[in-house]
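*Asks:* The structure file final17.pdb (PDB, C-alpha atoms) is provided below.
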```
MODEL        1
ATOM      1  CA  LEU E 470     189.007  39.727 356.758
ATOM      2  CA  SER E 471     192.301  37.900 356.495
ATOM      3  CA  GLY E 472     195.968  38.416 355.848
ATOM      4  CA  PRO E 473     199.027  39.146 357.994
ATOM      5  CA  THR E 474     198.583  42.943 357.894
ATOM      6  CA  TRP E 475     195.980  45.362 356.676
ATOM      7  CA  ASN E 476     196.646  49.072 356.308
ATOM      8  CA  LEU E 477     194.116  51.609 355.083
ATOM      9  CA  GLY E 478     195.090  55.143 354.224
ATOM     10  CA  GLY E 479     193.187  58.312 355.045
ATOM     11  CA  SER E 480     190.569  58.277 357.786
ATOM     12  CA  SER E 481     188.451  55.250 356.941
ATOM     13  CA  THR E 482     186.256  53.517 359.532
ATOM     14  CA  ILE E 483     185.656  49.781 359.651
ATOM     15  CA  GLU E 484     182.472  48.777 361.499
ATOM     16  CA  TYR E 485     181.699  45.275 362.726
ATOM     17  CA  ASN E 486     177.898  45.153 362.791
ATOM     18  CA  GLY E 487     176.943  41.509 362.268
ATOM     19  CA  SER E 488     174.353  39.537 364.223
ATOM     20  CA  THR E 489     176.657  36.653 365.228
ATOM     21  CA  GLN E 490     180.105  36.878 366.800
ATOM     22  CA  GLU E 491     182.735  38.137 364.367
ATOM     23  CA  SER E 492     186.519  37.938 364.494
ATOM     24  CA  ILE E 493     189.498  40.052 363.548
ATOM     25  CA  ALA E 494     191.707  37.496 361.848
ATOM     26  CA  SER E 495     195.116  39.150 361.990
ATOM     27  CA  ASP E 496     197.170  42.075 363.301
ATOM     28  CA  PHE E 497     195.250  44.618 361.250
ATOM     29  CA  ALA E 498     196.056  48.338 361.397
ATOM     30  CA  PHE E 499     192.747  50.219 361.337
ATOM     31  CA  ASP E 500     192.306  53.947 360.852
ATOM     32  CA  ASN E 501     189.146  53.876 362.969
ATOM     33  CA  LEU E 502     187.252  50.862 364.280
ATOM     34  CA  THR E 503     183.648  50.597 365.472
ATOM     35  CA  ILE E 504     182.264  47.634 367.419
ATOM     36  CA  ASN E 505     178.510  47.475 366.827
ATOM     37  CA  ASN E 506     177.654  43.798 367.188
ATOM     38  CA  SER E 507     175.704  42.700 370.266
ATOM     39  CA  SER E 508     177.205  39.197 369.901
ATOM     40  CA  GLY E 509     180.707  40.631 370.190
ATOM     41  CA  VAL E 510     183.936  40.681 368.203
ATOM     42  CA  THR E 511     187.014  38.644 369.113
ATOM     43  CA  VAL E 512     190.638  39.277 368.165
ATOM     44  CA  GLY E 513     191.709  35.696 368.947
ATOM     45  CA  SER E 514     195.455  35.672 369.583
ATOM     46  CA  ASN E 515     195.998  38.732 367.381
ATOM     47  CA  ASP E 516     197.025  42.278 368.311
ATOM     48  CA  PRO E 517     195.230  44.771 366.051
ATOM     49  CA  THR E 518     195.914  48.516 366.277
ATOM     50  CA  VAL E 519     193.656  51.514 365.775
ATOM     51  CA  ASP E 520     195.520  54.619 364.636
ATOM     52  CA  GLY E 521     192.461  56.785 365.261
ATOM     53  CA  THR E 522     189.448  56.057 367.450
ATOM     54  CA  LEU E 523     188.077  52.764 368.729
ATOM     55  CA  THR E 524     184.313  53.300 369.130
ATOM     56  CA  LEU E 525     182.363  50.908 371.361
ATOM     57  CA  THR E 526     178.662  51.016 370.486
ATOM     58  CA  SER E 527     177.245  47.525 371.072
ATOM     59  CA  GLY E 528     178.805  44.226 372.116
ATOM     60  CA  ASN E 529     182.192  43.472 373.604
ATOM     61  CA  LEU E 530     185.577  43.519 371.905
ATOM     62  CA  ILE E 531     187.125  40.332 373.299
ATOM     63  CA  THR E 532     190.913  40.482 373.648
ATOM     64  CA  THR E 533     191.459  37.867 376.365
ATOM     65  CA  SER E 534     193.906  35.899 374.185
ATOM     66  CA  GLY E 535     195.398  38.917 372.388
ATOM     67  CA  SER E 536     195.234  42.688 372.749
ATOM     68  CA  VAL E 537     194.133  45.889 371.055
ATOM     69  CA  THR E 538     195.949  49.239 370.933
ATOM     70  CA  ALA E 539     194.182  52.503 370.128
ATOM     71  CA  ASP E 540     195.081  56.178 370.000
ATOM     72  CA  ALA E 541     191.661  57.064 371.449
ATOM     73  CA  VAL E 542     188.549  55.283 372.700
ATOM     74  CA  SER E 543     184.952  56.483 372.474
ATOM     75  CA  GLY E 544     181.779  55.059 373.978
ATOM     76  CA  GLY E 545     181.741  52.016 376.170
ATOM     77  CA  GLY E 546     179.342  50.931 378.899
ATOM     78  CA  ILE E 547     177.632  47.898 380.396
ATOM     79  CA  THR E 548     176.596  46.648 376.940
ATOM     80  CA  SER E 549     179.865  47.354 375.123
ATOM     81  CA  TYR E 550     183.377  47.236 376.529
ATOM     82  CA  VAL E 551     186.798  45.679 375.980
ATOM     83  CA  GLU E 552     186.943  42.259 377.606
ATOM     84  CA  GLY E 553     190.665  41.739 378.040
ATOM     85  CA  PRO E 554     193.769  43.941 377.610
ATOM     86  CA  LEU E 555     193.343  47.442 376.172
ATOM     87  CA  THR E 556     196.289  49.727 375.406
ATOM     88  CA  ILE E 557     195.822  53.461 374.871
ATOM     89  CA  THR E 558     198.655  55.542 373.404
ATOM     90  CA  GLY E 559     199.680  59.119 374.203
ATOM     91  CA  ASN E 560     200.006  61.060 377.445
ATOM     92  CA  GLY E 561     197.700  62.401 380.135
ATOM     93  CA  THR E 562     194.400  61.116 381.502
ATOM     94  CA  LYS E 563     193.031  57.904 379.991
ATOM     95  CA  THR E 564     189.769  56.073 380.615
ATOM     96  CA  PHE E 565     189.736  52.352 379.885
ATOM     97  CA  PRO E 566     186.194  51.043 379.190
ATOM     98  CA  ILE E 567     186.998  47.489 380.251
ATOM     99  CA  GLY E 568     185.160  44.604 381.889
ATOM    100  CA  ASP E 569     185.685  40.966 382.771
ATOM    101  CA  GLY E 570     182.785  39.243 381.052
ATOM    102  CA  SER E 571     180.860  39.313 384.321
ATOM    103  CA  ALA E 572     180.605  43.077 384.719
ATOM    104  CA  TYR E 573     181.712  46.442 383.318
ATOM    105  CA  ARG E 574     184.508  47.811 385.516
ATOM    106  CA  PRO E 575     186.259  50.761 383.813
ATOM    107  CA  VAL E 576     189.463  52.418 385.035
ATOM    108  CA  THR E 577     190.628  56.024 384.707
ATOM    109  CA  VAL E 578     194.326  56.854 385.114
ATOM    110  CA  THR E 579     195.858  60.333 385.272
ATOM    111  CA  GLY E 580     199.435  61.401 384.618
ATOM    112  CA  THR E 581     200.333  58.721 382.081
ATOM    113  CA  THR E 582     203.225  58.891 379.636
ATOM    114  CA  GLY E 583     203.297  56.769 376.477
ATOM    115  CA  ASN E 584     201.439  53.513 376.037
ATOM    116  CA  THR E 585     199.331  52.428 379.004
ATOM    117  CA  SER E 586     197.544  49.084 379.241
ATOM    118  CA  PHE E 587     194.801  47.835 381.577
ATOM    119  CA  SER E 588     192.678  44.744 381.962
ATOM    120  CA  VAL E 589     190.360  43.429 384.686
ATOM    121  CA  THR E 590     190.031  39.787 385.727
ATOM    122  CA  TYR E 591     187.072  38.167 387.507
ATOM    123  CA  GLN E 592     189.187  36.110 389.885
ATOM    124  CA  ASP E 593     190.599  36.172 393.387
ATOM    125  CA  PRO E 594     194.075  37.772 393.187
ATOM    126  CA  GLY E 595     195.124  35.613 396.126
ATOM    127  CA  GLY E 596     197.273  38.321 397.694
ATOM    128  CA  THR E 597     197.879  39.374 401.296
ATOM    129  CA  PRO E 598     196.642  42.714 402.696
ATOM    130  CA  GLN E 599     199.249  44.795 404.497
ATOM    131  CA  SER E 600     198.426  47.073 407.433
ATOM    132  CA  PRO E 601     196.340  49.187 407.676
ATOM    133  CA  LEU E 602     194.392  47.048 405.204
ATOM    134  CA  VAL E 603     192.514  44.218 406.904
ATOM    135  CA  ARG E 604     191.000  42.653 403.786
ATOM    136  CA  ILE E 605     191.241  42.781 400.008
ATOM    137  CA  SER E 606     188.682  41.713 397.444
ATOM    138  CA  SER E 607     188.513  38.095 396.319
ATOM    139  CA  ILE E 608     186.215  38.995 393.417
ATOM    140  CA  ARG E 609     188.403  40.727 390.827
ATOM    141  CA  TYR E 610     191.607  42.600 390.200
ATOM    142  CA  TRP E 611     192.950  45.041 387.623
ATOM    143  CA  GLN E 612     196.359  44.865 385.957
ATOM    144  CA  GLY E 613     198.069  47.954 384.548
ATOM    145  CA  THR E 614     201.363  48.546 382.765
ATOM    146  CA  GLY E 615     203.044  51.741 381.631
ATOM    147  CA  THR E 616     204.576  54.921 383.026
ATOM    148  CA  VAL E 617     202.467  56.955 385.436
ATOM    149  CA  ASN E 618     202.680  59.737 387.994
ATOM    150  CA  GLY E 619     199.040  60.190 388.880
ATOM    151  CA  THR E 620     195.934  58.546 390.275
ATOM    152  CA  VAL E 621     194.064  55.337 389.508
ATOM    153  CA  GLN E 622     190.264  55.327 389.686
ATOM    154  CA  LEU E 623     188.547  51.945 390.020
ATOM    155  CA  THR E 624     184.859  51.175 389.547
ATOM    156  CA  TYR E 625     182.877  48.772 391.731
ATOM    157  CA  GLY E 626     179.361  47.335 391.713
ATOM    158  CA  GLY E 627     176.913  45.176 393.589
ATOM    159  CA  ASP E 628     179.006  42.003 393.557
ATOM    160  CA  ASP E 629     182.081  43.742 395.017
ATOM    161  CA  GLY E 630     180.763  43.781 398.591
ATOM    162  CA  VAL E 631     181.278  47.477 399.348
ATOM    163  CA  GLY E 632     179.361  48.543 402.457
ATOM    164  CA  ASN E 633     181.200  51.601 403.791
ATOM    165  CA  THR E 634     182.975  53.886 401.348
ATOM    166  CA  THR E 635     184.704  55.740 404.203
ATOM    167  CA  THR E 636     186.912  52.759 404.984
ATOM    168  CA  LEU E 637     187.275  51.619 401.377
ATOM    169  CA  ARG E 638     190.753  51.854 399.846
ATOM    170  CA  VAL E 639     192.586  51.144 396.607
ATOM    171  CA  ALA E 640     195.116  48.357 397.141
ATOM    172  CA  ARG E 641     198.175  47.811 394.958
ATOM    173  CA  SER E 642     200.716  45.005 394.561
ATOM    174  CA  ALA E 643     203.708  44.465 392.301
ATOM    175  CA  THR E 644     202.567  40.862 391.690
ATOM    176  CA  VAL E 645     199.089  39.394 391.429
ATOM    177  CA  GLY E 646     199.412  37.098 394.451
ATOM    178  CA  GLY E 647     201.790  39.309 396.436
ATOM    179  CA  ASN E 648     201.465  41.815 399.252
ATOM    180  CA  TYR E 649     198.806  44.475 398.672
ATOM    181  CA  PHE E 650     199.469  47.931 400.103
ATOM    182  CA  ASN E 651     197.097  50.796 400.785
ATOM    183  CA  VAL E 652     197.381  53.511 398.118
ATOM    184  CA  GLY E 653     194.582  55.576 399.537
ATOM    185  CA  ASN E 654     191.153  56.958 398.842
ATOM    186  CA  THR E 655     191.179  60.597 397.778
ATOM    187  CA  ALA E 656     187.589  60.487 396.539
ATOM    188  CA  THR E 657     184.673  58.067 396.442
ATOM    189  CA  VAL E 658     182.029  59.314 394.029
ATOM    190  CA  GLY E 659     179.081  57.119 393.079
ATOM    191  CA  SER E 660     180.579  53.700 392.421
ATOM    192  CA  THR E 661     184.182  54.823 391.895
ATOM    193  CA  ILE E 662     187.169  55.149 394.202
ATOM    194  CA  THR E 663     190.332  57.136 393.407
ATOM    195  CA  SER E 664     193.787  56.394 394.794
ATOM    196  CA  ASN E 665     196.470  58.726 396.014
ATOM    197  CA  THR E 666     199.203  59.531 393.515
ATOM    198  CA  VAL E 667     201.071  56.425 392.389
ATOM    199  CA  THR E 668     204.341  56.330 390.468
ATOM    200  CA  SER E 669     204.080  52.779 389.188
ATOM    201  CA  LEU E 670     201.293  50.538 388.012
ATOM    202  CA  GLY E 671     200.905  46.812 388.680
ATOM    203  CA  TYR E 672     197.966  44.969 390.225
ATOM    204  CA  PHE E 673     195.081  46.788 391.847
ATOM    205  CA  THR E 674     192.023  45.674 393.786
ATOM    206  CA  LEU E 675     189.625  46.983 396.396
ATOM    207  CA  GLY E 676     190.776  46.964 400.006
ATOM    208  CA  THR E 677     189.337  48.020 403.343
ATOM    209  CA  ILE E 678     190.802  49.264 406.630
ATOM    210  CA  ALA E 679     187.817  47.939 408.623
ATOM    211  CA  PHE E 680     185.671  44.842 408.533
ATOM    212  CA  ASP E 681     182.536  46.821 407.597
ATOM    213  CA  ASN E 682     183.261  46.103 403.921
ATOM    214  CA  SER E 683     182.700  42.426 403.229
ATOM    215  CA  LEU E 684     184.721  42.420 399.964
ATOM    216  CA  PRO E 685     183.673  38.756 399.589
ATOM    217  CA  VAL E 686     186.373  36.287 400.563
ATOM    218  CA  THR E 687     187.030  32.792 399.250
ATOM    219  CA  LEU E 688     186.879  29.859 401.662
ATOM    220  CA  THR E 689     189.819  27.513 401.121
ATOM    221  CA  SER E 690     188.786  25.151 403.937
ATOM    222  CA  PHE E 691     185.593  24.576 405.962
ATOM    223  CA  THR E 692     185.056  21.778 408.510
ATOM    224  CA  ALA E 693     182.426  20.934 411.129
ATOM    225  CA  ASN E 694     183.142  18.614 414.059
ATOM    226  CA  ALA E 695     180.923  17.308 416.874
ATOM    227  CA  ASN E 696     182.530  17.868 420.278
ATOM    228  CA  PHE E 697     180.499  16.679 423.280
ATOM    229  CA  GLY E 698     177.205  17.825 421.826
ATOM    230  CA  VAL E 699     178.614  21.062 420.418
ATOM    231  CA  VAL E 700     179.330  21.601 416.732
ATOM    232  CA  GLU E 701     182.648  23.330 416.165
ATOM    233  CA  LEU E 702     183.110  25.153 412.854
ATOM    234  CA  GLN E 703     186.548  25.910 411.476
ATOM    235  CA  TRP E 704     187.391  27.718 408.274
ATOM    236  CA  ILE E 705     190.327  29.229 406.435
ATOM    237  CA  THR E 706     190.060  32.118 403.972
TER     238      THR E 706
ENDMDL
END
```
Will you turn the file into structure tokens for me?
*Replies:*
Amino acid sequence: LSGPTWNLGGSSTIEYNGSTQESIASDFAFDNLTINNSSGVTVGSNDPTVDGTLTLTSGNLITTSGSVTADAVSGGGITSYVEGPLTITGNGTKTFPIGDGSAYRPVTVTGTTGNTSFSVTYQDPGGTPQSPLVRISSIRYWQGTGTVNGTVQLTYGGDDGVGNTTTLRVARSATVGGNYFNVGNTATVGSTITSNTVTSLGYFTLGTIAFDNSLPVTLTSFTANANFGVVELQWIT
């Protein structure tokens, strides 16, 4: 598929169902789009749109260098998600079946107005927890844009270091490496945690108000020194 634009009338569905990775070669406008290729589909640096439903059946839709915008999204799971930015149009509650290439980590946001975008990155955000938070995750963070007056529900898994859901919190910052503030924990169900009501998006990660959640940290410095027969260890996180 090639060309600067591609518009199909009616309610047609284009399905990518090859056996090797496929690509969307331009800013196509799909009626409906189905991803059914276990090797994945990449958009490159393009920004395709789906005026109907984006259906995720098998394989990832990789948007790390571009983006995709859809009116609705169906399916999604550990074997098929959007890897990179996903924008969903409209108002109300939206679930973003996104992941970071390492794991599936969807987000659900309530009270949205207009276009809302989310992505998740497998990387230490490098921010600073603000009281009462004592630690934030160094594993991954989520980035959201758009208008909201509602809650943000994050998903966590085995590599996120959650030990005690009672002290687990959603942490938010205006910048990726900035100060992260506690935006609450109104419900922890299964492997999800839901924030209090927020009125702006930004950067989100897992936080804790006690040290019983490891939320793995990154060592920036580690030294060992012999001191009169005793080994002294020093580290910085």
*Asks:* I need every residue sitting at most 10 Å from the point (187.1, 56.3, 405.3) (coordinates as in the file, all atoms listed in the file considered), written as JSON, numbers by chain.
*Replies:* {"E": [633, 634, 635, 636, 637, 638, 653, 654, 655, 656, 657, 677, 678, 679]}
*Asks:* For CA of Asn618 in chain E and CA of Thr538 in chain E, determine how far apart the two atoms are, in Å to one decimal place.
*Replies:* 21.1 Å
*Asks:* Could you produce a table of the residues of range 534-643 of chain E lying within 12 Å of range 500-516 of chain E, with the nearest pair of atoms per residue and their separation in Å rounded to one decimal, using all atoms listed in the file, ordered by chain and increasing residue number, as CSV?
*Replies:*
```
residue,atom,partner,partner_atom,distance
E:Ser534,CA,E:Ser514,CA,4.9
E:Gly535,CA,E:Ser514,CA,4.3
E:Ser536,CA,E:Asp516,CA,4.8
E:Val537,CA,E:Asp516,CA,5.4
E:Thr538,CA,E:Asp516,CA,7.5
E:Ala539,CA,E:Asn501,CA,8.9
E:Asp540,CA,E:Asn501,CA,9.5
E:Ala541,CA,E:Asn501,CA,9.4
E:Val542,CA,E:Leu502,CA,9.6
E:Ser543,CA,E:Thr503,CA,9.2
E:Gly544,CA,E:Thr503,CA,9.8
E:Gly545,CA,E:Ile504,CA,9.8
E:Ile547,CA,E:Ser507,CA,11.5
E:Thr548,CA,E:Ser507,CA,7.8
E:Ser549,CA,E:Ser507,CA,7.9
E:Tyr550,CA,E:Ile504,CA,9.2
E:Val551,CA,E:Val510,CA,9.7
E:Glu552,CA,E:Thr511,CA,9.2
E:Gly553,CA,E:Thr511,CA,10.1
E:Pro554,CA,E:Asp516,CA,10.0
E:Leu555,CA,E:Asp516,CA,10.1
E:Thr556,CA,E:Asp516,CA,10.3
E:Gly570,CA,E:Gly509,CA,11.1
```
*Asks:* May I have the centre and edge lengths, in Å to one decimal, of an axis-aligned box around the listed atoms of range 522-538 of chain E with 5 Å added to every side, as JSON?
*Replies:*
```
{"center_x": 186.6, "center_y": 46.0, "center_z": 371.9, "size_x": 28.7, "size_y": 30.2, "size_z": 18.9}
```
*Asks:* Could you list, as a ChimeraX atom specification, every residue within 8 Å of range 598-604 of chain E, counting all atoms listed in the file and ignoring same-chain residues fewer than 5 positions away?
*Replies:* /E:648-651,676-680,684
*Asks:* Please, could you write that set of residues out with C-alpha atoms as an mmCIF file, in the coordinates of the input?
*Replies:*
```cif
data_model
loop_
_atom_site.group_PDB
_atom_site.id
_atom_site.type_symbol
_atom_site.label_atom_id
_atom_site.label_comp_id
_atom_site.auth_asym_id
_atom_site.auth_seq_id
_atom_site.Cartn_x
_atom_site.Cartn_y
_atom_site.Cartn_z
ATOM 1 C CA ASN E 648 201.465 41.815 399.252
ATOM 2 C CA TYR E 649 198.806 44.475 398.672
ATOM 3 C CA PHE E 650 199.469 47.931 400.103
ATOM 4 C CA ASN E 651 197.097 50.796 400.785
ATOM 5 C CA GLY E 676 190.776 46.964 400.006
ATOM 6 C CA THR E 677 189.337 48.020 403.343
ATOM 7 C CA ILE E 678 190.802 49.264 406.630
ATOM 8 C CA ALA E 679 187.817 47.939 408.623
ATOM 9 C CA PHE E 680 185.671 44.842 408.533
ATOM 10 C CA LEU E 684 184.721 42.420 399.964
#
```
